[in-house]
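Everything below belongs to query-v3.cif, which stores mmCIF, C-alpha atoms.
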```cif
data_work
loop_
_atom_site.label_atom_id
_atom_site.label_comp_id
_atom_site.auth_asym_id
_atom_site.auth_seq_id
_atom_site.Cartn_x
_atom_site.Cartn_y
_atom_site.Cartn_z
CA MET A 193 17.51 19.06 -12.83
CA MET A 194 16.35 15.57 -13.75
CA ASN A 195 16.40 16.52 -17.43
CA LEU A 196 19.96 17.72 -17.09
CA VAL A 197 21.00 14.44 -15.47
CA LEU A 198 19.15 12.50 -18.18
CA GLN A 199 20.74 14.42 -21.03
CA THR A 200 24.20 14.00 -19.53
CA ALA A 201 23.59 10.32 -18.98
CA LEU A 202 22.25 9.64 -22.44
CA SER A 203 24.48 11.71 -24.69
CA ASP A 204 27.38 9.97 -26.39
CA THR A 205 30.07 11.70 -24.36
CA GLY A 206 28.15 11.10 -21.18
CA ASN A 207 28.02 7.38 -21.77
CA TRP A 208 31.03 6.56 -19.63
CA ILE A 209 29.74 8.88 -16.89
CA ALA A 210 26.47 6.93 -16.91
CA ASN A 211 28.51 3.74 -16.70
CA ILE A 212 30.41 4.93 -13.63
CA PHE A 213 27.18 6.05 -12.00
CA PHE A 214 25.59 2.71 -12.82
CA TYR A 215 28.34 0.69 -11.17
CA ILE A 216 28.28 2.86 -8.03
CA ILE A 217 24.48 2.51 -7.83
CA ALA A 218 24.63 -1.23 -8.49
CA ALA A 219 27.23 -1.73 -5.75
CA VAL A 220 25.13 0.28 -3.27
CA ALA A 221 22.00 -1.70 -4.20
CA VAL A 222 23.65 -5.12 -3.85
CA VAL A 223 25.34 -4.28 -0.53
CA ALA A 224 22.14 -2.80 0.91
CA ALA A 225 20.10 -5.80 -0.29
CA LEU A 226 22.57 -8.21 1.33
CA LYS A 227 22.44 -6.23 4.58
CA MET A 228 18.64 -6.27 4.36
CA VAL A 229 18.37 -10.06 4.27
CA THR A 230 21.05 -10.62 6.93
CA THR A 231 20.49 -7.91 9.57
CA ASN A 232 18.77 -8.96 12.78
CA ASN A 233 16.94 -5.68 13.34
CA VAL A 234 13.57 -5.32 11.60
CA VAL A 235 13.66 -1.50 11.44
CA HIS A 236 17.18 -1.55 9.99
CA ALA A 237 16.01 -4.05 7.38
CA SER A 238 13.27 -1.68 6.24
CA LEU A 239 15.75 1.21 6.05
CA TYR A 240 18.11 -0.94 3.93
CA LEU A 241 15.13 -1.75 1.68
CA LEU A 242 14.67 2.04 1.31
CA VAL A 243 18.25 2.31 0.01
CA VAL A 244 17.69 -0.52 -2.48
CA LEU A 245 14.47 1.02 -3.78
CA SER A 246 16.18 4.42 -4.24
CA ALA A 247 19.00 2.73 -6.13
CA VAL A 248 16.47 1.04 -8.41
CA ALA A 249 14.85 4.44 -9.06
CA ALA A 250 18.31 5.77 -9.99
CA THR A 251 18.74 2.85 -12.39
CA TYR A 252 15.48 3.85 -14.08
CA VAL A 253 16.85 7.39 -14.53
CA ILE A 254 19.99 5.98 -16.17
CA LEU A 255 17.77 3.93 -18.49
CA GLY A 256 15.81 7.06 -19.43
CA ALA A 257 12.53 5.94 -17.87
CA GLU A 258 11.71 9.16 -16.04
CA PHE A 259 8.07 8.43 -15.24
CA ALA A 260 8.88 4.96 -13.87
CA ALA A 261 11.56 6.57 -11.67
CA ALA A 262 9.11 9.18 -10.35
CA THR A 263 6.47 6.49 -9.72
CA GLN A 264 9.04 4.34 -7.96
CA VAL A 265 9.85 7.20 -5.58
CA LEU A 266 6.19 8.10 -5.01
CA VAL A 267 4.71 4.61 -4.64
CA TYR A 268 7.58 2.55 -3.24
CA LEU A 269 9.53 5.05 -1.14
CA GLY A 270 6.41 6.97 -0.18
CA ALA A 271 3.53 4.55 0.22
CA ILE A 272 4.83 0.99 0.43
CA MET A 273 7.65 1.83 2.86
CA VAL A 274 5.18 3.59 5.17
CA LEU A 275 2.88 0.54 4.97
CA LEU A 276 5.77 -1.80 5.84
CA LEU A 277 6.85 0.42 8.75
CA PHE A 278 3.23 0.39 9.95
CA GLY A 279 3.40 -3.41 9.79
CA VAL A 280 6.60 -3.37 11.87
CA MET A 281 4.98 -1.03 14.38
CA LEU A 282 1.62 -2.81 14.68
CA THR A 283 3.21 -6.23 15.18
CA ARG A 284 5.26 -4.72 18.00
CA ALA A 285 8.70 -5.64 16.73
CA LYS A 286 11.36 -5.30 19.38
CA ILE A 287 13.43 -2.15 19.35
CA GLY A 288 16.99 -3.26 18.69
CA ALA A 289 18.41 -6.58 17.61
CA GLU A 290 16.39 -9.80 17.65
CA THR A 291 17.78 -13.30 17.72
CA ASP A 292 15.00 -15.33 16.12
CA LEU A 293 14.51 -13.82 12.66
CA ASP A 294 16.06 -16.56 10.50
CA TYR A 295 15.57 -20.28 10.14
CA ASP A 296 18.45 -22.37 11.44
CA GLN A 297 19.13 -24.00 8.06
CA ARG A 298 20.30 -20.81 6.40
CA TRP A 299 22.69 -22.67 4.11
CA ILE A 300 19.83 -24.31 2.21
CA GLY A 301 18.47 -20.89 1.26
CA ALA A 302 21.97 -19.70 0.35
CA LEU A 303 22.48 -22.82 -1.76
CA VAL A 304 19.18 -22.37 -3.64
CA ALA A 305 19.83 -18.65 -4.24
CA THR A 306 23.40 -19.29 -5.44
CA ALA A 307 22.33 -22.10 -7.77
CA LEU A 308 19.51 -19.95 -9.17
CA GLY A 309 21.90 -17.03 -9.63
CA ALA A 310 24.47 -19.23 -11.39
CA VAL A 311 21.87 -20.59 -13.83
CA MET A 312 20.43 -17.12 -14.54
CA MET A 313 23.83 -15.50 -15.05
CA TYR A 314 25.02 -18.33 -17.30
CA SER A 315 21.95 -18.06 -19.52
CA LEU A 316 22.18 -14.24 -19.57
CA TRP A 317 25.83 -14.46 -20.54
CA GLU A 318 25.03 -16.98 -23.29
CA GLY A 319 22.03 -15.01 -24.55
CA PHE A 320 23.16 -11.38 -24.37
CA GLY A 321 26.94 -11.71 -24.07
CA ASP A 322 28.08 -8.46 -25.66
CA VAL A 323 24.80 -6.88 -26.74
CA THR A 324 25.12 -3.12 -26.20
CA MET A 325 22.42 -0.59 -25.45
CA PRO A 326 21.52 1.70 -28.41
CA ALA A 327 24.16 4.43 -28.70
CA GLU A 328 21.81 7.41 -29.12
CA GLN A 329 19.34 6.70 -26.33
CA VAL A 330 16.45 9.11 -25.98
CA PRO A 331 14.61 9.47 -22.66
CA GLN A 332 11.12 8.00 -22.83
CA ARG A 333 8.88 11.01 -22.28
CA THR A 334 6.02 10.91 -19.81
CA GLU A 335 3.69 12.22 -22.51
CA ALA A 336 4.45 9.22 -24.74
CA VAL A 337 4.01 6.84 -21.80
CA ALA A 338 0.59 8.35 -21.08
CA ASP A 339 -0.40 7.98 -24.74
CA GLU A 340 0.67 4.33 -24.67
CA ILE A 341 -1.23 3.55 -21.45
CA PHE A 342 -4.42 5.25 -22.58
CA SER A 343 -4.45 3.73 -26.07
CA THR A 344 -2.78 0.31 -26.32
CA TYR A 345 -3.05 -0.65 -22.65
CA ILE A 346 -6.38 0.92 -21.74
CA VAL A 347 -8.09 -2.40 -20.90
CA PRO A 348 -5.31 -3.67 -18.56
CA PHE A 349 -5.23 -0.19 -17.00
CA GLU A 350 -8.94 -0.30 -16.18
CA ALA A 351 -8.62 -3.89 -14.92
CA LEU A 352 -5.76 -2.71 -12.71
CA SER A 353 -7.90 -0.01 -11.15
CA VAL A 354 -10.60 -2.60 -10.33
CA LEU A 355 -7.87 -4.86 -8.87
CA LEU A 356 -6.61 -2.02 -6.64
CA LEU A 357 -10.15 -1.35 -5.41
CA ALA A 358 -10.70 -5.05 -4.70
CA ALA A 359 -7.38 -5.31 -2.85
CA LEU A 360 -8.20 -2.21 -0.77
CA ILE A 361 -11.62 -3.52 0.25
CA GLY A 362 -10.13 -6.98 0.85
CA ALA A 363 -7.43 -5.56 3.12
CA VAL A 364 -10.01 -3.61 5.13
CA VAL A 365 -12.26 -6.68 5.49
CA VAL A 366 -9.37 -8.95 6.50
CA ALA A 367 -7.76 -6.60 9.02
CA ARG A 368 -10.95 -5.18 10.55
CA ARG A 369 -11.66 -5.87 14.20
CA ASP A 370 -15.15 -7.28 14.65
CA MET B 1155 26.76 0.35 -21.92
CA PHE B 1156 25.94 -3.34 -22.14
CA LEU B 1157 22.42 -4.65 -21.79
CA ASN B 1158 23.83 -7.38 -19.58
CA GLN B 1159 24.97 -5.04 -16.82
CA PHE B 1160 21.36 -4.21 -16.03
CA LEU B 1161 20.21 -7.82 -16.38
CA PHE B 1162 23.00 -9.00 -14.05
CA LEU B 1163 22.08 -6.42 -11.41
CA ALA B 1164 18.47 -7.60 -11.65
CA ALA B 1165 19.51 -11.27 -11.40
CA ILE B 1166 21.65 -10.61 -8.31
CA LEU B 1167 18.88 -8.63 -6.57
CA PHE B 1168 16.38 -11.38 -7.48
CA CYS B 1169 18.55 -14.08 -5.92
CA ILE B 1170 19.10 -12.02 -2.75
CA GLY B 1171 15.31 -11.64 -2.54
CA VAL B 1172 14.83 -15.40 -2.97
CA TYR B 1173 17.36 -16.00 -0.18
CA GLY B 1174 15.42 -13.58 2.06
CA VAL B 1175 12.09 -15.29 1.36
CA LEU B 1176 13.60 -18.72 2.09
CA THR B 1177 15.43 -17.85 5.32
CA ARG B 1178 13.35 -15.20 7.08
CA LYS B 1179 10.84 -16.24 9.73
CA ASN B 1180 9.37 -12.79 10.37
CA GLY B 1181 6.31 -12.18 8.16
CA VAL B 1182 7.09 -8.50 7.51
CA LEU B 1183 10.66 -9.37 6.45
CA VAL B 1184 9.30 -11.98 4.02
CA LEU B 1185 7.10 -9.27 2.46
CA MET B 1186 10.14 -6.96 2.16
CA SER B 1187 12.09 -9.69 0.35
CA ILE B 1188 9.18 -10.14 -2.07
CA GLU B 1189 9.37 -6.39 -2.81
CA LEU B 1190 13.05 -6.89 -3.64
CA ILE B 1191 12.15 -9.65 -6.13
CA LEU B 1192 9.48 -7.49 -7.80
CA ASN B 1193 11.97 -4.61 -8.13
CA ALA B 1194 14.50 -6.90 -9.79
CA VAL B 1195 11.90 -7.88 -12.37
CA ASN B 1196 11.05 -4.21 -12.94
CA ILE B 1197 14.70 -3.42 -13.73
CA ASN B 1198 14.56 -6.13 -16.41
CA LEU B 1199 11.38 -4.70 -17.92
CA VAL B 1200 12.68 -1.14 -18.05
CA ALA B 1201 16.07 -2.27 -19.39
CA PHE B 1202 14.48 -4.20 -22.27
CA GLY B 1203 12.16 -1.26 -22.93
CA ALA B 1204 15.17 1.03 -23.26
CA PHE B 1205 17.02 -1.56 -25.34
CA HIS B 1206 14.21 -1.92 -27.89
CA GLN B 1207 13.40 1.82 -27.74
CA HIS B 1208 9.84 0.82 -26.95
CA LEU B 1209 7.49 2.07 -24.26
CA SER B 1210 5.94 -1.30 -23.38
CA GLY B 1211 8.71 -2.08 -20.90
CA GLN B 1212 8.12 1.04 -18.86
CA VAL B 1213 4.32 0.61 -18.99
CA PHE B 1214 4.61 -2.97 -17.72
CA ALA B 1215 6.94 -1.82 -14.94
CA LEU B 1216 4.29 0.70 -13.89
CA PHE B 1217 1.66 -2.05 -13.85
CA VAL B 1218 3.94 -4.21 -11.69
CA ILE B 1219 4.43 -1.31 -9.25
CA ALA B 1220 0.65 -0.88 -8.94
CA VAL B 1221 0.08 -4.62 -8.41
CA ALA B 1222 2.90 -4.63 -5.83
CA ALA B 1223 1.10 -1.87 -3.91
CA ALA B 1224 -2.07 -3.99 -3.83
CA GLU B 1225 -0.05 -7.05 -2.81
CA VAL B 1226 1.61 -5.26 0.10
CA GLY B 1227 -1.76 -3.98 1.35
CA VAL B 1228 -3.36 -7.44 1.38
CA GLY B 1229 -0.17 -9.12 2.62
CA LEU B 1230 0.17 -6.79 5.59
CA ALA B 1231 -3.50 -7.27 6.44
CA ILE B 1232 -2.90 -11.04 6.55
CA VAL B 1233 0.25 -10.59 8.67
CA LEU B 1234 -1.68 -8.37 11.11
CA LEU B 1235 -4.43 -10.99 11.35
CA ILE B 1236 -1.86 -13.71 12.09
CA TYR B 1237 -0.33 -11.47 14.77
CA ARG B 1238 -3.72 -10.78 16.34
CA ASN B 1239 -4.65 -14.46 16.50
CA ARG B 1240 -1.30 -15.91 17.55
CA ARG B 1241 0.62 -13.01 19.19
CA SER B 1242 3.53 -13.70 16.85
CA ILE B 1243 4.34 -13.19 13.17
CA ASN B 1244 6.76 -16.08 13.04
CA VAL B 1245 5.69 -17.82 9.81
CA ALA B 1246 7.34 -21.04 11.04
CA GLU B 1247 4.74 -21.24 13.81
CA ALA B 1248 1.76 -20.87 11.44
CA ASN B 1249 1.52 -24.63 10.89
CA ILE B 1250 -2.07 -25.57 11.76
CA LEU B 1251 -2.61 -26.96 8.25
CA LYS B 1252 0.26 -29.42 8.72
CA GLY B 1253 -1.10 -33.01 8.75
#
```

Rewrite the coordinates I just gave you, this time as structure tokens.
Amino acid sequence: MMNLVLQTALSDTGNWIANIFFYIIAAVAVVAALKMVTTNNVVHASLYLLVVLSAVAATYVILGAEFAAATQVLVYLGAIMVLLLFGVMLTRAKIGAETDLDYDQRWIGALVATALGAVMMYSLWEGFGDVTMPAEQVPQRTEAVADEIFSTYIVPFEALSVLLLAALIGAVVVARRD
Amino acid sequence: MFLNQFLFLAAILFCIGVYGVLTRKNGVLVLMSIELILNAVNINLVAFGAFHQHLSGQVFALFVIAVAAAEVGVGLAIVLLIYRNRRSINVAEANILKG
């Protein structure tokens, strides 16, 4: 199924289909992200985050990164969302809307974000104005990704596993009741 | 397809995440906004990986996902500790260090 979608998305004739899909996904992601940072219900915010993360996974599929898409679904949608919902539950967030989730000076944050976005988009437009993606894109196979991780990036990979262990033990030590 | 359409999506999501971090008082919502920022960066990495037909982009995105998992674990532990000590996860109230 995923292979079929990938092949359709990446073939020459399927290029415009991939484009249409991309713009739908991008619109969904941006709208859900905006709702996430403006809603005054913590549970709704986490569900909007779920939509954004799924849209990002779909973007990975369009880009041909199948293993990154699968990992995004497994780790983000599966594990991290459950952790965040646990956080919402354990801090006893109110069911329903809350009034005191934002600072009063919201416009400063909006100003900073808009200025940052303007600078980033200007430099992106200057730097990559009409650079197109390669016409005959091939999906990056999981097998090749595994070869890359376990040859070129073996040292960072092992360091990452030690980091995960340290973070796990650290989280247990910090959150433990004495 | 243009490379820029992916980079623009990532830039917009990044800025929305920055707005969330700057305006939210609730500790869990701040963590969620940080996840949004990390995802925006990941889109960039995967897009450049696809653009250069090179696997490094995807591998780095996977590393970022793993580090984000560690970050959320430790971050939530800290938020829970703040809640247990102060009965509130309003980050505006965590101001003991203020001189």

May I have the residues within 12 Å of Met312 (chain A) as an mmCIF file with C-alpha atoms, in the frame of the given file, using all atoms listed in the file and disregarding those fewer than 4 positions away in the same chain?
```cif
data_model
loop_
_atom_site.group_PDB
_atom_site.id
_atom_site.type_symbol
_atom_site.label_atom_id
_atom_site.label_comp_id
_atom_site.auth_asym_id
_atom_site.auth_seq_id
_atom_site.Cartn_x
_atom_site.Cartn_y
_atom_site.Cartn_z
ATOM 1 C CA ALA A 305 19.830 -18.650 -4.240
ATOM 2 C CA THR A 306 23.400 -19.290 -5.440
ATOM 3 C CA ALA A 307 22.330 -22.100 -7.770
ATOM 4 C CA LEU A 308 19.510 -19.950 -9.170
ATOM 5 C CA LEU A 316 22.180 -14.240 -19.570
ATOM 6 C CA TRP A 317 25.830 -14.460 -20.540
ATOM 7 C CA GLU A 318 25.030 -16.980 -23.290
ATOM 8 C CA GLY A 319 22.030 -15.010 -24.550
ATOM 9 C CA PHE A 320 23.160 -11.380 -24.370
ATOM 10 C CA ASN B 1158 23.830 -7.380 -19.580
ATOM 11 C CA LEU B 1161 20.210 -7.820 -16.380
ATOM 12 C CA PHE B 1162 23.000 -9.000 -14.050
ATOM 13 C CA LEU B 1163 22.080 -6.420 -11.410
ATOM 14 C CA ALA B 1164 18.470 -7.600 -11.650
ATOM 15 C CA ALA B 1165 19.510 -11.270 -11.400
ATOM 16 C CA ILE B 1166 21.650 -10.610 -8.310
ATOM 17 C CA LEU B 1167 18.880 -8.630 -6.570
ATOM 18 C CA PHE B 1168 16.380 -11.380 -7.480
ATOM 19 C CA CYS B 1169 18.550 -14.080 -5.920
#
```

Residues within 7 Å of Asn1180 (chain B), only C-alpha atoms, excluding chain neighbours under 3 positions, as number ranges by chain
A: 293; B: 1183-1184, 1243-1245

Can you measure CA of Ala250 (chain A) to CA of Gly1211 (chain B) for me? One decimal in Å is fine.
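Atom-to-atom, CA of Ala250 (chain A) to CA of Gly1211 (chain B), that is 16.5 Å.
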
Evaluate the PyMOL selection byres ((chain B and resi 1224) around 9) and report residues as a VMD selection string:
(chain A and resid 355 to 360 363) or (chain B and resid 1219 to 1223 1225 to 1229)

Could you list, as a PyMOL selection string, every residue within 10 Å of Met273 (chain A), counting all atoms listed in the file and ignoring same-chain residues fewer than 4 positions away?
(chain A and resi 238-239+241-242+245+267-269+277-279) or (chain B and resi 1186+1226)

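Put simply, CA of Pro326 (chain A) is 24.9 Å away from CA of Phe1217 (chain B).
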
Supply region 1168-1199 of chain B as a PDB file, in the frame of the given file, with N, CA and C atoms built in where the input has gaps.
```
ATOM      1  N   PHE B1168      17.403 -10.333  -7.535  1.00  0.00           N
ATOM      2  CA  PHE B1168      16.380 -11.380  -7.480  1.00  0.00           C
ATOM      3  C   PHE B1168      16.817 -12.507  -6.572  1.00  0.00           C
ATOM      4  N   CYS B1169      18.081 -12.951  -6.731  1.00  0.00           N
ATOM      5  CA  CYS B1169      18.550 -14.080  -5.920  1.00  0.00           C
ATOM      6  C   CYS B1169      18.646 -13.701  -4.456  1.00  0.00           C
ATOM      7  N   ILE B1170      19.064 -12.448  -4.151  1.00  0.00           N
ATOM      8  CA  ILE B1170      19.100 -12.020  -2.750  1.00  0.00           C
ATOM      9  C   ILE B1170      17.685 -12.038  -2.172  1.00  0.00           C
ATOM     10  N   GLY B1171      16.706 -11.610  -2.989  1.00  0.00           N
ATOM     11  CA  GLY B1171      15.310 -11.640  -2.540  1.00  0.00           C
ATOM     12  C   GLY B1171      14.843 -13.061  -2.279  1.00  0.00           C
ATOM     13  N   VAL B1172      15.215 -13.994  -3.166  1.00  0.00           N
ATOM     14  CA  VAL B1172      14.830 -15.400  -2.970  1.00  0.00           C
ATOM     15  C   VAL B1172      15.426 -15.927  -1.673  1.00  0.00           C
ATOM     16  N   TYR B1173      16.724 -15.583  -1.433  1.00  0.00           N
ATOM     17  CA  TYR B1173      17.360 -16.000  -0.180  1.00  0.00           C
ATOM     18  C   TYR B1173      16.586 -15.463   1.025  1.00  0.00           C
ATOM     19  N   GLY B1174      16.170 -14.176   0.949  1.00  0.00           N
ATOM     20  CA  GLY B1174      15.420 -13.580   2.060  1.00  0.00           C
ATOM     21  C   GLY B1174      14.107 -14.303   2.294  1.00  0.00           C
ATOM     22  N   VAL B1175      13.370 -14.603   1.205  1.00  0.00           N
ATOM     23  CA  VAL B1175      12.090 -15.290   1.360  1.00  0.00           C
ATOM     24  C   VAL B1175      12.294 -16.662   2.000  1.00  0.00           C
ATOM     25  N   LEU B1176      13.394 -17.354   1.600  1.00  0.00           N
ATOM     26  CA  LEU B1176      13.600 -18.720   2.090  1.00  0.00           C
ATOM     27  C   LEU B1176      14.076 -18.752   3.542  1.00  0.00           C
ATOM     28  N   THR B1177      14.821 -17.726   3.993  1.00  0.00           N
ATOM     29  CA  THR B1177      15.430 -17.850   5.320  1.00  0.00           C
ATOM     30  C   THR B1177      14.719 -17.042   6.402  1.00  0.00           C
ATOM     31  N   ARG B1178      13.927 -16.045   6.037  1.00  0.00           N
ATOM     32  CA  ARG B1178      13.350 -15.200   7.080  1.00  0.00           C
ATOM     33  C   ARG B1178      12.130 -15.843   7.708  1.00  0.00           C
ATOM     34  N   LYS B1179      12.017 -15.719   9.028  1.00  0.00           N
ATOM     35  CA  LYS B1179      10.840 -16.240   9.730  1.00  0.00           C
ATOM     36  C   LYS B1179       9.812 -15.146   9.938  1.00  0.00           C
ATOM     37  N   ASN B1180      10.265 -13.910  10.052  1.00  0.00           N
ATOM     38  CA  ASN B1180       9.370 -12.790  10.370  1.00  0.00           C
ATOM     39  C   ASN B1180       8.526 -12.436   9.143  1.00  0.00           C
ATOM     40  N   GLY B1181       7.201 -12.390   9.308  1.00  0.00           N
ATOM     41  CA  GLY B1181       6.310 -12.180   8.160  1.00  0.00           C
ATOM     42  C   GLY B1181       6.569 -10.883   7.423  1.00  0.00           C
ATOM     43  N   VAL B1182       6.847  -9.785   8.160  1.00  0.00           N
ATOM     44  CA  VAL B1182       7.090  -8.500   7.510  1.00  0.00           C
ATOM     45  C   VAL B1182       8.381  -8.566   6.678  1.00  0.00           C
ATOM     46  N   LEU B1183       9.403  -9.265   7.199  1.00  0.00           N
ATOM     47  CA  LEU B1183      10.660  -9.370   6.450  1.00  0.00           C
ATOM     48  C   LEU B1183      10.481 -10.196   5.186  1.00  0.00           C
ATOM     49  N   VAL B1184       9.592 -11.206   5.226  1.00  0.00           N
ATOM     50  CA  VAL B1184       9.300 -11.980   4.020  1.00  0.00           C
ATOM     51  C   VAL B1184       8.666 -11.067   2.969  1.00  0.00           C
ATOM     52  N   LEU B1185       7.726 -10.206   3.404  1.00  0.00           N
ATOM     53  CA  LEU B1185       7.100  -9.270   2.460  1.00  0.00           C
ATOM     54  C   LEU B1185       8.143  -8.335   1.846  1.00  0.00           C
ATOM     55  N   MET B1186       9.092  -7.854   2.682  1.00  0.00           N
ATOM     56  CA  MET B1186      10.140  -6.960   2.160  1.00  0.00           C
ATOM     57  C   MET B1186      10.978  -7.666   1.102  1.00  0.00           C
ATOM     58  N   SER B1187      11.300  -8.948   1.332  1.00  0.00           N
ATOM     59  CA  SER B1187      12.090  -9.690   0.350  1.00  0.00           C
ATOM     60  C   SER B1187      11.324  -9.852  -0.959  1.00  0.00           C
ATOM     61  N   ILE B1188       9.990 -10.030  -0.859  1.00  0.00           N
ATOM     62  CA  ILE B1188       9.180 -10.140  -2.070  1.00  0.00           C
ATOM     63  C   ILE B1188       9.232  -8.820  -2.854  1.00  0.00           C
ATOM     64  N   GLU B1189       9.234  -7.685  -2.128  1.00  0.00           N
ATOM     65  CA  GLU B1189       9.370  -6.390  -2.810  1.00  0.00           C
ATOM     66  C   GLU B1189      10.686  -6.321  -3.587  1.00  0.00           C
ATOM     67  N   LEU B1190      11.744  -6.869  -2.973  1.00  0.00           N
ATOM     68  CA  LEU B1190      13.050  -6.890  -3.640  1.00  0.00           C
ATOM     69  C   LEU B1190      12.974  -7.671  -4.950  1.00  0.00           C
ATOM     70  N   ILE B1191      12.295  -8.825  -4.924  1.00  0.00           N
ATOM     71  CA  ILE B1191      12.150  -9.650  -6.130  1.00  0.00           C
ATOM     72  C   ILE B1191      11.395  -8.875  -7.209  1.00  0.00           C
ATOM     73  N   LEU B1192      10.286  -8.221  -6.810  1.00  0.00           N
ATOM     74  CA  LEU B1192       9.480  -7.490  -7.800  1.00  0.00           C
ATOM     75  C   LEU B1192      10.293  -6.352  -8.419  1.00  0.00           C
ATOM     76  N   ASN B1193      11.140  -5.691  -7.603  1.00  0.00           N
ATOM     77  CA  ASN B1193      11.970  -4.610  -8.130  1.00  0.00           C
ATOM     78  C   ASN B1193      12.987  -5.121  -9.135  1.00  0.00           C
ATOM     79  N   ALA B1194      13.539  -6.319  -8.855  1.00  0.00           N
ATOM     80  CA  ALA B1194      14.500  -6.900  -9.790  1.00  0.00           C
ATOM     81  C   ALA B1194      13.842  -7.137 -11.148  1.00  0.00           C
ATOM     82  N   VAL B1195      12.611  -7.646 -11.114  1.00  0.00           N
ATOM     83  CA  VAL B1195      11.900  -7.880 -12.370  1.00  0.00           C
ATOM     84  C   VAL B1195      11.645  -6.557 -13.095  1.00  0.00           C
ATOM     85  N   ASN B1196      11.315  -5.518 -12.327  1.00  0.00           N
ATOM     86  CA  ASN B1196      11.050  -4.210 -12.940  1.00  0.00           C
ATOM     87  C   ASN B1196      12.284  -3.661 -13.651  1.00  0.00           C
ATOM     88  N   ILE B1197      13.467  -3.870 -13.058  1.00  0.00           N
ATOM     89  CA  ILE B1197      14.700  -3.420 -13.730  1.00  0.00           C
ATOM     90  C   ILE B1197      14.819  -4.089 -15.087  1.00  0.00           C
ATOM     91  N   ASN B1198      14.528  -5.410 -15.140  1.00  0.00           N
ATOM     92  CA  ASN B1198      14.560  -6.130 -16.410  1.00  0.00           C
ATOM     93  C   ASN B1198      13.620  -5.497 -17.417  1.00  0.00           C
ATOM     94  N   LEU B1199      12.387  -5.233 -16.994  1.00  0.00           N
ATOM     95  CA  LEU B1199      11.380  -4.700 -17.920  1.00  0.00           C
ATOM     96  C   LEU B1199      11.821  -3.351 -18.477  1.00  0.00           C
TER      97      LEU B1199
END
```
